[in-house]
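Below is upload_21.cif, holding mmCIF, C-alpha atoms.
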```
data_run
loop_
_atom_site.group_PDB
_atom_site.id
_atom_site.type_symbol
_atom_site.label_atom_id
_atom_site.label_comp_id
_atom_site.auth_asym_id
_atom_site.auth_seq_id
_atom_site.Cartn_x
_atom_site.Cartn_y
_atom_site.Cartn_z
ATOM 1 C CA MET A 1 -24.623 -93.439 10.313
ATOM 2 C CA PHE A 2 -21.654 -95.719 11.058
ATOM 3 C CA ALA A 3 -22.332 -99.431 10.562
ATOM 4 C CA VAL A 4 -20.657 -102.833 10.185
ATOM 5 C CA TYR A 5 -22.044 -104.530 7.102
ATOM 6 C CA ALA A 6 -21.671 -107.235 4.479
ATOM 7 C CA GLU A 7 -20.936 -105.907 1.008
ATOM 8 C CA SER A 8 -20.173 -109.243 -0.679
ATOM 9 C CA PHE A 9 -20.003 -112.983 0.024
ATOM 10 C CA SER A 10 -17.083 -115.401 0.158
ATOM 11 C CA SER A 11 -17.176 -118.922 1.556
ATOM 12 C CA ASP A 12 -13.369 -119.124 1.596
ATOM 13 C CA ASP A 13 -12.587 -115.623 2.882
ATOM 14 C CA PRO A 14 -15.689 -114.271 4.616
ATOM 15 C CA LEU A 15 -13.927 -111.202 6.016
ATOM 16 C CA SER A 16 -13.246 -109.971 2.490
ATOM 17 C CA GLY A 17 -16.862 -108.810 2.285
ATOM 18 C CA LEU A 18 -16.884 -107.077 5.672
ATOM 19 C CA VAL A 19 -17.059 -103.274 5.523
ATOM 20 C CA LEU A 20 -16.989 -100.643 8.264
ATOM 21 C CA GLY A 21 -18.454 -97.396 7.001
ATOM 22 C CA GLU A 22 -21.483 -95.203 6.465
ATOM 23 C CA ARG A 23 -24.999 -96.504 5.787
ATOM 24 C CA PRO A 24 -28.384 -94.756 5.568
ATOM 25 C CA GLU A 25 -30.486 -94.220 8.671
ATOM 26 C CA PRO A 26 -32.897 -97.129 9.308
ATOM 27 C CA GLU A 27 -36.347 -97.117 7.773
ATOM 28 C CA VAL A 28 -39.024 -97.369 10.469
ATOM 29 C CA PRO A 29 -42.251 -99.136 9.382
ATOM 30 C CA ASP A 30 -45.530 -98.747 11.286
ATOM 31 C CA GLY A 31 -45.320 -100.520 14.624
ATOM 32 C CA TRP A 32 -41.542 -100.308 14.708
ATOM 33 C CA THR A 33 -39.196 -98.070 16.692
ATOM 34 C CA THR A 34 -35.583 -96.936 16.583
ATOM 35 C CA ILE A 35 -33.024 -98.012 19.170
ATOM 36 C CA THR A 36 -29.782 -96.102 19.705
ATOM 37 C CA VAL A 37 -27.248 -98.908 19.968
ATOM 38 C CA LYS A 38 -24.800 -98.854 22.859
ATOM 39 C CA ALA A 39 -23.484 -102.400 22.443
ATOM 40 C CA ALA A 40 -23.866 -105.259 19.964
ATOM 41 C CA SER A 41 -22.448 -108.774 20.166
ATOM 42 C CA LEU A 42 -21.115 -111.157 17.531
ATOM 43 C CA ASN A 43 -22.529 -114.565 16.688
ATOM 44 C CA HIS A 44 -21.555 -117.265 14.206
ATOM 45 C CA HIS A 45 -24.656 -116.152 12.322
ATOM 46 C CA ASP A 46 -22.678 -113.048 11.301
ATOM 47 C CA LEU A 47 -19.936 -115.175 9.748
ATOM 48 C CA PHE A 48 -22.563 -117.297 8.000
ATOM 49 C CA SER A 49 -24.007 -114.099 6.530
ATOM 50 C CA LEU A 50 -20.592 -113.103 5.167
ATOM 51 C CA ARG A 51 -20.406 -116.544 3.547
ATOM 52 C CA GLY A 52 -23.774 -115.978 1.885
ATOM 53 C CA VAL A 53 -25.764 -118.347 4.081
ATOM 54 C CA GLY A 54 -29.322 -117.058 4.484
ATOM 55 C CA LEU A 55 -28.753 -113.982 2.343
ATOM 56 C CA LYS A 56 -29.072 -113.265 -1.363
ATOM 57 C CA ALA A 57 -26.865 -110.915 -3.359
ATOM 58 C CA GLU A 58 -29.781 -108.562 -4.011
ATOM 59 C CA GLN A 59 -30.128 -107.981 -0.247
ATOM 60 C CA LEU A 60 -26.658 -106.478 -0.009
ATOM 61 C CA PRO A 61 -25.358 -104.352 1.545
ATOM 62 C CA MET A 62 -26.732 -105.787 4.798
ATOM 63 C CA ILE A 63 -25.865 -104.432 8.223
ATOM 64 C CA LEU A 64 -24.826 -107.375 10.405
ATOM 65 C CA GLY A 65 -25.766 -108.178 13.982
ATOM 66 C CA THR A 66 -28.738 -109.850 15.652
ATOM 67 C CA ASP A 67 -28.001 -108.737 19.237
ATOM 68 C CA ALA A 68 -28.037 -105.258 20.735
ATOM 69 C CA ALA A 69 -28.719 -103.206 23.825
ATOM 70 C CA GLY A 70 -29.232 -99.464 23.896
ATOM 71 C CA LEU A 71 -31.704 -96.651 24.419
ATOM 72 C CA ASP A 72 -35.250 -96.431 23.117
ATOM 73 C CA GLU A 73 -36.767 -93.224 21.765
ATOM 74 C CA ASP A 74 -37.638 -92.112 25.319
ATOM 75 C CA GLY A 75 -34.133 -92.760 26.642
ATOM 76 C CA ASN A 76 -35.011 -95.990 28.459
ATOM 77 C CA GLU A 77 -32.335 -98.701 28.635
ATOM 78 C CA VAL A 78 -33.460 -101.747 26.660
ATOM 79 C CA VAL A 79 -32.413 -105.082 25.180
ATOM 80 C CA VAL A 80 -33.396 -105.934 21.596
ATOM 81 C CA HIS A 81 -35.073 -109.272 20.826
ATOM 82 C CA GLY A 82 -33.653 -110.267 17.454
ATOM 83 C CA VAL A 83 -36.379 -112.689 16.249
ATOM 84 C CA VAL A 84 -38.754 -110.864 13.894
ATOM 85 C CA SER A 85 -42.047 -112.666 13.291
ATOM 86 C CA ASP A 86 -44.688 -111.954 10.669
ATOM 87 C CA PRO A 87 -47.041 -109.142 11.810
ATOM 88 C CA SER A 88 -49.995 -111.540 11.626
ATOM 89 C CA TRP A 89 -48.349 -114.230 13.773
ATOM 90 C CA ARG A 90 -49.652 -114.929 17.280
ATOM 91 C CA GLY A 91 -47.970 -117.115 19.890
ATOM 92 C CA ASP A 92 -44.425 -118.500 20.120
ATOM 93 C CA GLU A 93 -42.537 -116.662 17.372
ATOM 94 C CA THR A 94 -39.940 -119.418 17.037
ATOM 95 C CA PHE A 95 -42.651 -121.545 15.351
ATOM 96 C CA ASP A 96 -43.549 -118.866 12.809
ATOM 97 C CA PRO A 97 -42.469 -120.284 9.420
ATOM 98 C CA ARG A 98 -41.967 -116.705 8.190
ATOM 99 C CA ARG A 99 -39.809 -115.589 11.094
ATOM 100 C CA SER A 100 -36.370 -114.118 10.519
ATOM 101 C CA LEU A 101 -33.550 -112.584 12.501
ATOM 102 C CA LEU A 102 -32.263 -109.051 12.346
ATOM 103 C CA SER A 103 -29.667 -108.914 9.530
ATOM 104 C CA GLU A 104 -31.647 -111.364 7.380
ATOM 105 C CA ARG A 105 -34.692 -109.560 5.916
ATOM 106 C CA HIS A 106 -34.133 -106.439 7.998
ATOM 107 C CA GLN A 107 -30.958 -104.431 8.587
ATOM 108 C CA GLY A 108 -29.014 -105.583 11.636
ATOM 109 C CA ALA A 109 -27.854 -104.140 14.933
ATOM 110 C CA MET A 110 -24.143 -103.358 14.377
ATOM 111 C CA ALA A 111 -24.782 -99.682 13.737
ATOM 112 C CA GLU A 112 -25.426 -96.427 15.511
ATOM 113 C CA ARG A 113 -29.172 -97.099 15.282
ATOM 114 C CA VAL A 114 -31.397 -100.068 14.470
ATOM 115 C CA ALA A 115 -35.117 -100.304 13.711
ATOM 116 C CA VAL A 116 -37.066 -103.099 15.433
ATOM 117 C CA PRO A 117 -40.716 -103.968 16.094
ATOM 118 C CA ARG A 118 -41.944 -102.266 19.265
ATOM 119 C CA ALA A 119 -42.852 -105.698 20.646
ATOM 120 C CA ASN A 120 -39.171 -106.716 20.384
ATOM 121 C CA VAL A 121 -37.993 -104.285 23.051
ATOM 122 C CA VAL A 122 -37.292 -105.648 26.553
ATOM 123 C CA PRO A 123 -36.441 -103.374 29.518
ATOM 124 C CA LYS A 124 -32.805 -103.642 30.667
ATOM 125 C CA PRO A 125 -32.245 -103.554 34.437
ATOM 126 C CA ALA A 126 -29.626 -101.163 35.751
ATOM 127 C CA SER A 127 -27.695 -104.113 37.197
ATOM 128 C CA LEU A 128 -26.696 -105.248 33.686
ATOM 129 C CA SER A 129 -24.253 -103.211 31.617
ATOM 130 C CA PHE A 130 -25.046 -102.539 27.974
ATOM 131 C CA ALA A 131 -22.226 -104.921 26.992
ATOM 132 C CA GLU A 132 -23.605 -107.710 29.202
ATOM 133 C CA ALA A 133 -27.156 -107.184 27.973
ATOM 134 C CA ALA A 134 -26.018 -107.300 24.340
ATOM 135 C CA CYS A 135 -24.772 -110.872 24.886
ATOM 136 C CA LEU A 136 -28.240 -112.204 25.675
ATOM 137 C CA PRO A 137 -30.599 -112.178 22.660
ATOM 138 C CA THR A 138 -29.050 -115.037 20.652
ATOM 139 C CA ALA A 139 -26.573 -117.320 22.463
ATOM 140 C CA TRP A 140 -27.863 -116.819 25.996
ATOM 141 C CA LEU A 141 -31.517 -116.905 24.974
ATOM 142 C CA THR A 142 -30.863 -120.082 22.984
ATOM 143 C CA ALA A 143 -29.220 -121.703 26.023
ATOM 144 C CA TYR A 144 -32.058 -120.590 28.311
ATOM 145 C CA ARG A 145 -34.732 -122.116 26.049
ATOM 146 C CA MET A 146 -32.712 -125.327 25.627
ATOM 147 C CA LEU A 147 -32.311 -125.796 29.357
ATOM 148 C CA PHE A 148 -35.607 -124.680 30.824
ATOM 149 C CA THR A 149 -38.283 -124.607 28.116
ATOM 150 C CA ARG A 150 -37.430 -127.431 25.726
ATOM 151 C CA GLY A 151 -35.278 -129.461 28.120
ATOM 152 C CA GLU A 152 -37.487 -128.857 31.184
ATOM 153 C CA LEU A 153 -34.451 -129.234 33.428
ATOM 154 C CA ARG A 154 -34.915 -128.759 37.156
ATOM 155 C CA ALA A 155 -32.625 -128.148 40.117
ATOM 156 C CA GLY A 156 -30.810 -131.311 41.175
ATOM 157 C CA GLU A 157 -30.617 -132.872 37.700
ATOM 158 C CA THR A 158 -27.323 -133.460 35.906
ATOM 159 C CA VAL A 159 -26.618 -131.923 32.517
ATOM 160 C CA LEU A 160 -23.697 -132.448 30.128
ATOM 161 C CA VAL A 161 -22.701 -129.452 28.018
ATOM 162 C CA GLN A 162 -20.698 -130.396 24.942
ATOM 163 C CA GLY A 163 -18.051 -128.074 23.468
ATOM 164 C CA ALA A 164 -17.266 -125.635 26.277
ATOM 165 C CA GLY A 165 -16.083 -122.327 24.847
ATOM 166 C CA GLY A 166 -18.822 -121.714 22.298
ATOM 167 C CA GLY A 167 -21.293 -118.954 23.028
ATOM 168 C CA VAL A 168 -24.325 -121.193 23.659
ATOM 169 C CA ALA A 169 -22.290 -123.773 25.588
ATOM 170 C CA THR A 170 -20.729 -121.114 27.799
ATOM 171 C CA ALA A 171 -24.149 -119.642 28.531
ATOM 172 C CA ALA A 172 -25.591 -123.085 29.267
ATOM 173 C CA ILE A 173 -22.872 -123.864 31.814
ATOM 174 C CA THR A 174 -23.409 -120.582 33.645
ATOM 175 C CA LEU A 175 -27.216 -120.692 33.587
ATOM 176 C CA ALA A 176 -27.396 -124.356 34.573
ATOM 177 C CA ARG A 177 -25.154 -123.777 37.592
ATOM 178 C CA ALA A 178 -27.205 -120.731 38.622
ATOM 179 C CA ALA A 179 -30.378 -122.849 38.445
ATOM 180 C CA GLY A 180 -29.042 -125.545 40.775
ATOM 181 C CA LEU A 181 -28.136 -128.199 38.234
ATOM 182 C CA ARG A 182 -25.074 -130.425 38.378
ATOM 183 C CA VAL A 183 -23.024 -129.408 35.362
ATOM 184 C CA LEU A 184 -20.518 -131.497 33.402
ATOM 185 C CA ALA A 185 -18.721 -130.041 30.383
ATOM 186 C CA THR A 186 -16.398 -131.235 27.641
ATOM 187 C CA SER A 187 -13.791 -129.630 25.415
ATOM 188 C CA ARG A 188 -10.832 -130.757 23.330
ATOM 189 C CA ASP A 189 -8.872 -127.813 24.736
ATOM 190 C CA GLU A 190 -7.337 -128.009 28.223
ATOM 191 C CA ALA A 191 -7.510 -124.241 28.734
ATOM 192 C CA LYS A 192 -11.197 -124.186 27.836
ATOM 193 C CA ARG A 193 -11.887 -127.010 30.268
ATOM 194 C CA ALA A 194 -10.211 -124.961 32.997
ATOM 195 C CA ARG A 195 -12.306 -121.929 32.107
ATOM 196 C CA ALA A 196 -15.463 -124.061 32.165
ATOM 197 C CA LEU A 197 -14.697 -124.928 35.791
ATOM 198 C CA GLU A 198 -14.237 -121.250 36.578
ATOM 199 C CA ILE A 199 -17.659 -120.300 35.213
ATOM 200 C CA GLY A 200 -19.632 -123.040 36.931
ATOM 201 C CA ALA A 201 -18.997 -126.557 35.668
ATOM 202 C CA HIS A 202 -18.646 -129.083 38.487
ATOM 203 C CA GLU A 203 -16.498 -131.457 36.412
ATOM 204 C CA VAL A 204 -14.859 -131.248 32.996
ATOM 205 C CA PHE A 205 -13.697 -133.930 30.576
ATOM 206 C CA GLU A 206 -11.929 -134.287 27.277
ATOM 207 C CA SER A 207 -14.284 -134.594 24.337
ATOM 208 C CA GLY A 208 -15.511 -138.176 24.062
ATOM 209 C CA ALA A 209 -14.247 -139.224 27.500
ATOM 210 C CA ARG A 210 -16.191 -141.756 29.560
ATOM 211 C CA LEU A 211 -18.213 -139.987 32.252
ATOM 212 C CA PRO A 212 -18.453 -141.203 35.866
ATOM 213 C CA GLY A 213 -22.208 -141.703 35.461
ATOM 214 C CA LYS A 214 -25.128 -141.161 33.121
ATOM 215 C CA VAL A 215 -26.712 -137.716 32.833
ATOM 216 C CA ASP A 216 -30.319 -136.547 32.686
ATOM 217 C CA ALA A 217 -29.777 -134.287 29.672
ATOM 218 C CA VAL A 218 -27.193 -133.147 27.147
ATOM 219 C CA ILE A 219 -26.888 -129.668 25.642
ATOM 220 C CA GLU A 220 -25.688 -130.367 22.115
ATOM 221 C CA THR A 221 -24.528 -127.660 19.696
ATOM 222 C CA VAL A 222 -21.573 -129.442 18.073
ATOM 223 C CA GLY A 223 -23.266 -132.110 15.957
ATOM 224 C CA LYS A 224 -21.318 -134.822 14.161
ATOM 225 C CA ALA A 225 -18.198 -134.765 16.358
ATOM 226 C CA THR A 226 -20.036 -135.262 19.667
ATOM 227 C CA TRP A 227 -23.406 -136.824 18.779
ATOM 228 C CA SER A 228 -22.564 -140.442 19.587
ATOM 229 C CA HIS A 229 -20.940 -139.447 22.879
ATOM 230 C CA SER A 230 -24.001 -137.371 23.769
ATOM 231 C CA ILE A 231 -26.404 -140.253 23.151
ATOM 232 C CA ARG A 232 -24.219 -142.743 25.032
ATOM 233 C CA SER A 233 -23.928 -140.380 28.026
ATOM 234 C CA LEU A 234 -27.691 -140.285 28.685
ATOM 235 C CA ARG A 235 -29.529 -142.306 31.300
ATOM 236 C CA PRO A 236 -32.588 -144.310 30.189
ATOM 237 C CA GLY A 237 -35.348 -141.792 29.470
ATOM 238 C CA GLY A 238 -32.844 -138.938 29.183
ATOM 239 C CA ARG A 239 -33.085 -136.125 26.681
ATOM 240 C CA LEU A 240 -30.719 -134.574 24.195
ATOM 241 C CA ILE A 241 -31.466 -130.941 23.322
ATOM 242 C CA THR A 242 -29.836 -129.731 20.120
ATOM 243 C CA SER A 243 -29.651 -126.268 18.618
ATOM 244 C CA GLY A 244 -26.636 -126.440 16.321
ATOM 245 C CA THR A 245 -24.180 -128.500 14.318
ATOM 246 C CA THR A 246 -20.901 -126.580 14.312
ATOM 247 C CA SER A 247 -18.931 -129.719 13.357
ATOM 248 C CA GLY A 248 -21.397 -130.722 10.654
ATOM 249 C CA PRO A 249 -24.974 -132.037 10.451
ATOM 250 C CA LYS A 250 -24.382 -135.415 8.760
ATOM 251 C CA LEU A 251 -23.937 -138.308 11.185
ATOM 252 C CA ASP A 252 -21.936 -141.491 10.638
ATOM 253 C CA ASP A 253 -24.134 -143.216 13.210
ATOM 254 C CA ALA A 254 -27.349 -141.654 14.556
ATOM 255 C CA GLU A 255 -27.452 -144.219 17.383
ATOM 256 C CA LEU A 256 -31.099 -144.995 16.563
ATOM 257 C CA THR A 257 -31.085 -148.370 18.300
ATOM 258 C CA ARG A 258 -29.885 -146.820 21.553
ATOM 259 C CA ILE A 259 -32.422 -143.993 21.194
ATOM 260 C CA PHE A 260 -35.471 -146.259 20.950
ATOM 261 C CA PHE A 261 -34.260 -148.992 23.304
ATOM 262 C CA LEU A 262 -33.446 -146.509 26.093
ATOM 263 C CA GLN A 263 -36.463 -144.342 25.250
ATOM 264 C CA LEU A 264 -34.327 -141.247 24.803
ATOM 265 C CA SER A 265 -35.776 -137.930 23.657
ATOM 266 C CA VAL A 266 -34.049 -135.897 20.957
ATOM 267 C CA ILE A 267 -35.361 -132.341 21.137
ATOM 268 C CA GLY A 268 -34.702 -129.533 18.696
ATOM 269 C CA SER A 269 -34.534 -125.956 19.938
ATOM 270 C CA THR A 270 -34.142 -122.663 18.117
ATOM 271 C CA MET A 271 -33.567 -119.210 19.616
ATOM 272 C CA GLY A 272 -36.346 -118.119 21.997
ATOM 273 C CA THR A 273 -39.307 -115.831 22.548
ATOM 274 C CA ARG A 274 -39.525 -112.278 23.807
ATOM 275 C CA GLU A 275 -41.082 -113.611 27.018
ATOM 276 C CA GLU A 276 -38.145 -115.997 27.505
ATOM 277 C CA LEU A 277 -35.700 -113.143 26.920
ATOM 278 C CA ALA A 278 -37.502 -111.097 29.564
ATOM 279 C CA ALA A 279 -37.360 -114.073 31.951
ATOM 280 C CA LEU A 280 -33.640 -114.532 31.246
ATOM 281 C CA VAL A 281 -32.984 -110.848 31.972
ATOM 282 C CA THR A 282 -34.935 -111.146 35.233
ATOM 283 C CA MET A 283 -32.989 -114.286 36.201
ATOM 284 C CA LEU A 284 -29.647 -112.529 35.709
ATOM 285 C CA ASP A 285 -30.850 -109.472 37.602
ATOM 286 C CA ALA A 286 -32.048 -111.606 40.533
ATOM 287 C CA THR A 287 -29.096 -114.017 40.759
ATOM 288 C CA GLY A 288 -26.182 -111.776 39.851
ATOM 289 C CA THR A 289 -25.203 -114.219 37.113
ATOM 290 C CA ARG A 290 -23.407 -112.456 34.270
ATOM 291 C CA PRO A 291 -22.467 -113.312 30.686
ATOM 292 C CA LEU A 292 -18.832 -114.113 30.073
ATOM 293 C CA ILE A 293 -17.303 -111.577 27.704
ATOM 294 C CA ASP A 294 -14.153 -112.705 25.926
ATOM 295 C CA ARG A 295 -13.370 -109.229 24.641
ATOM 296 C CA GLU A 296 -15.003 -105.826 24.338
ATOM 297 C CA LEU A 297 -14.025 -103.703 21.340
ATOM 298 C CA PRO A 298 -15.071 -100.323 19.949
ATOM 299 C CA MET A 299 -17.372 -100.845 16.989
ATOM 300 C CA ASP A 300 -14.792 -99.361 14.628
ATOM 301 C CA GLN A 301 -12.506 -102.297 15.538
ATOM 302 C CA ALA A 302 -15.146 -104.884 14.603
ATOM 303 C CA ARG A 303 -12.854 -106.587 12.097
ATOM 304 C CA ASP A 304 -10.587 -107.768 14.944
ATOM 305 C CA GLY A 305 -13.552 -109.373 16.678
ATOM 306 C CA PHE A 306 -14.702 -111.114 13.497
ATOM 307 C CA ALA A 307 -11.168 -112.424 12.925
ATOM 308 C CA ALA A 308 -11.033 -113.871 16.453
ATOM 309 C CA MET A 309 -14.370 -115.619 15.946
ATOM 310 C CA LEU A 310 -13.246 -116.982 12.593
ATOM 311 C CA GLU A 311 -10.103 -118.413 14.205
ATOM 312 C CA GLY A 312 -12.069 -119.895 17.104
ATOM 313 C CA ASP A 313 -9.845 -118.049 19.564
ATOM 314 C CA LEU A 314 -12.666 -117.238 22.009
ATOM 315 C CA PHE A 315 -14.150 -118.226 25.323
ATOM 316 C CA GLY A 316 -17.302 -116.180 25.735
ATOM 317 C CA LYS A 317 -18.755 -113.352 23.702
ATOM 318 C CA VAL A 318 -17.248 -110.615 21.551
ATOM 319 C CA VAL A 319 -19.012 -107.310 22.202
ATOM 320 C CA LEU A 320 -18.787 -104.149 20.113
ATOM 321 C CA THR A 321 -19.495 -100.910 21.956
ATOM 322 C CA ARG A 322 -20.203 -97.310 21.043
#
```
For the structure just supplied, provide its representation as structure tokens.
Amino acid sequence: MFAVYAESFSSDDPLSGLVLGERPEPEVPDGWTTITVKAASLNHHDLFSLRGVGLKAEQLPMILGTDAAGLDEDGNEVVVHGVVSDPSWRGDETFDPRRSLLSERHQGAMAERVAVPRANVVPKPASLSFAEAACLPTAWLTAYRMLFTRGELRAGETVLVQGAGGGVATAAITLARAAGLRVLATSRDEAKRARALEIGAHEVFESGARLPGKVDAVIETVGKATWSHSIRSLRPGGRLITSGTTSGPKLDDAELTRIFFLQLSVIGSTMGTREELAALVTMLDATGTRPLIDRELPMDQARDGFAAMLEGDLFGKVVLTR
């Protein structure tokens, strides 16, 4: 079958190990099923894989992709939950120390077909296209959990989303607005600030700019470059929810004094559960909210999508379709 896969690693030139070609049909263990992929979306995780982060040489070749939507064995339209927990695990799979994502221990979703645990299949409503549904399992699910599960945000509160343009940040802006929150967003790029307004932000600011008032919560995926601004933007008792460090994890100043004196909460968040993915799908179906797709490409043009992500020339998701 046709697939997009990593054949080798390179930290300096990750696309050098990217191959578009034929791979064997997926192996289907007991309790698993095969999904015919109609759309798959890109994440920074895929670039990390090409750099050798989270993968070992003996696992290659590895089909990339954690996110997909398609048809199950009975022809039903479904979304694939990309978090794979240990078969013995019960409860929230994001706490399973043995959890992985598709394309880590198991072949990924950028292929004609992908094998997944039966429990990882979520019904797709007809209101969502395959391309839209394929955007949800990583970036949008991460944003949903950050906002509503870990952050416990409620309608009427104010949230600051750092780094508008990234997949999680874009999702957070859209979901927060749909849930009745007041949404502020930042970006270094004027065009991205304008786009943030278009997708739901009430106000936008340059990165690091002084805000008109303190916020109840900050959605933080940038790390080092925005951390101090995030902490200083919170009201007393506010919470910072973090799920990434795209600018680096090492801080010059963790702002610890401000954190304890103002009784701030710093909350980590990673991916989400199947139940949260199902709730996210239901929310989009009920509200008409839709993922922002930067570009939609045939799967055999995947290299162009990877190049755009590598260059940072995106606002929204890259989706590969079949």
Practice prompt. Using the chain letters and numbering of this document, enumerate as a PyMOL selection string the residues selected by the PyMOL selection byres ((chain A and resi 16) around 12).
Written response: chain A and resi 5-15+17-20+47+50-51+303+306-307
Worksheet entry | Selected residue of minimal separation from Ser243 (chain A) among A:Glu206, A:Glu104, A:Glu296, A:Glu220, counting all atoms listed in the file | A:Glu220
Practice prompt. Could you expand the PyMOL selection byres ((chain A and resi 30) around 12) into the explicit residues it covers here, written as an NGL selection string?
Written response: :A and (27-29 or 31-34 or 87 or 115-119)
Fill in: Explicit residue set for the PyMOL selection byres ((chain A and resi 79) around 8), as a PyMOL selection string
chain A and resi 68-70+77-78+80-81+121-124+133-134+137
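For the pair CA of Arg235 (chain A) and CA of Val161 (chain A), the interatomic distance is 14.9 Å.
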Worksheet item: Taking into account all atoms listed in the file, which residue in the set A:Leu71, A:Leu147, A:Ala176, A:Cys135 is nearest to Leu240 (chain A)?
Response: A:Leu147
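Counting only C-alpha atoms and comparing A:Val114, A:Thr321, A:Asp313, A:Leu60, the residue that lies closest to Glu73 (chain A) is A:Val114.
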Discussion item. Considering only C-alpha atoms, can you say which of A:Lys224, A:Arg274, A:Arg105, A:Lys192 comes closest to Gly316 (chain A)?
Written reply: A:Lys192
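Close contacts of region 168-173 of chain A, defined as residues with an atom at most 8 Å away when counting only C-alpha atoms, with chain neighbours fewer than 2 positions off set aside, comprise Ala139, Trp140, Thr142, Ala143, Tyr144, Leu147, Val161, Gln162, Gly163, Ala164, Gly165, Gly166, Leu175, Ala176, Arg177, Val183, Ala185, Ala196, Ile199, Gly200, Ala201, Ile219, Thr221, Pro291, Leu292, Phe315 and Gly316 of chain A.
Considering all atoms listed in the file, the residue among A:Leu320, A:Ile231, A:Leu297, A:Arg210 positioned nearest to Val37 (chain A) is A:Leu320.
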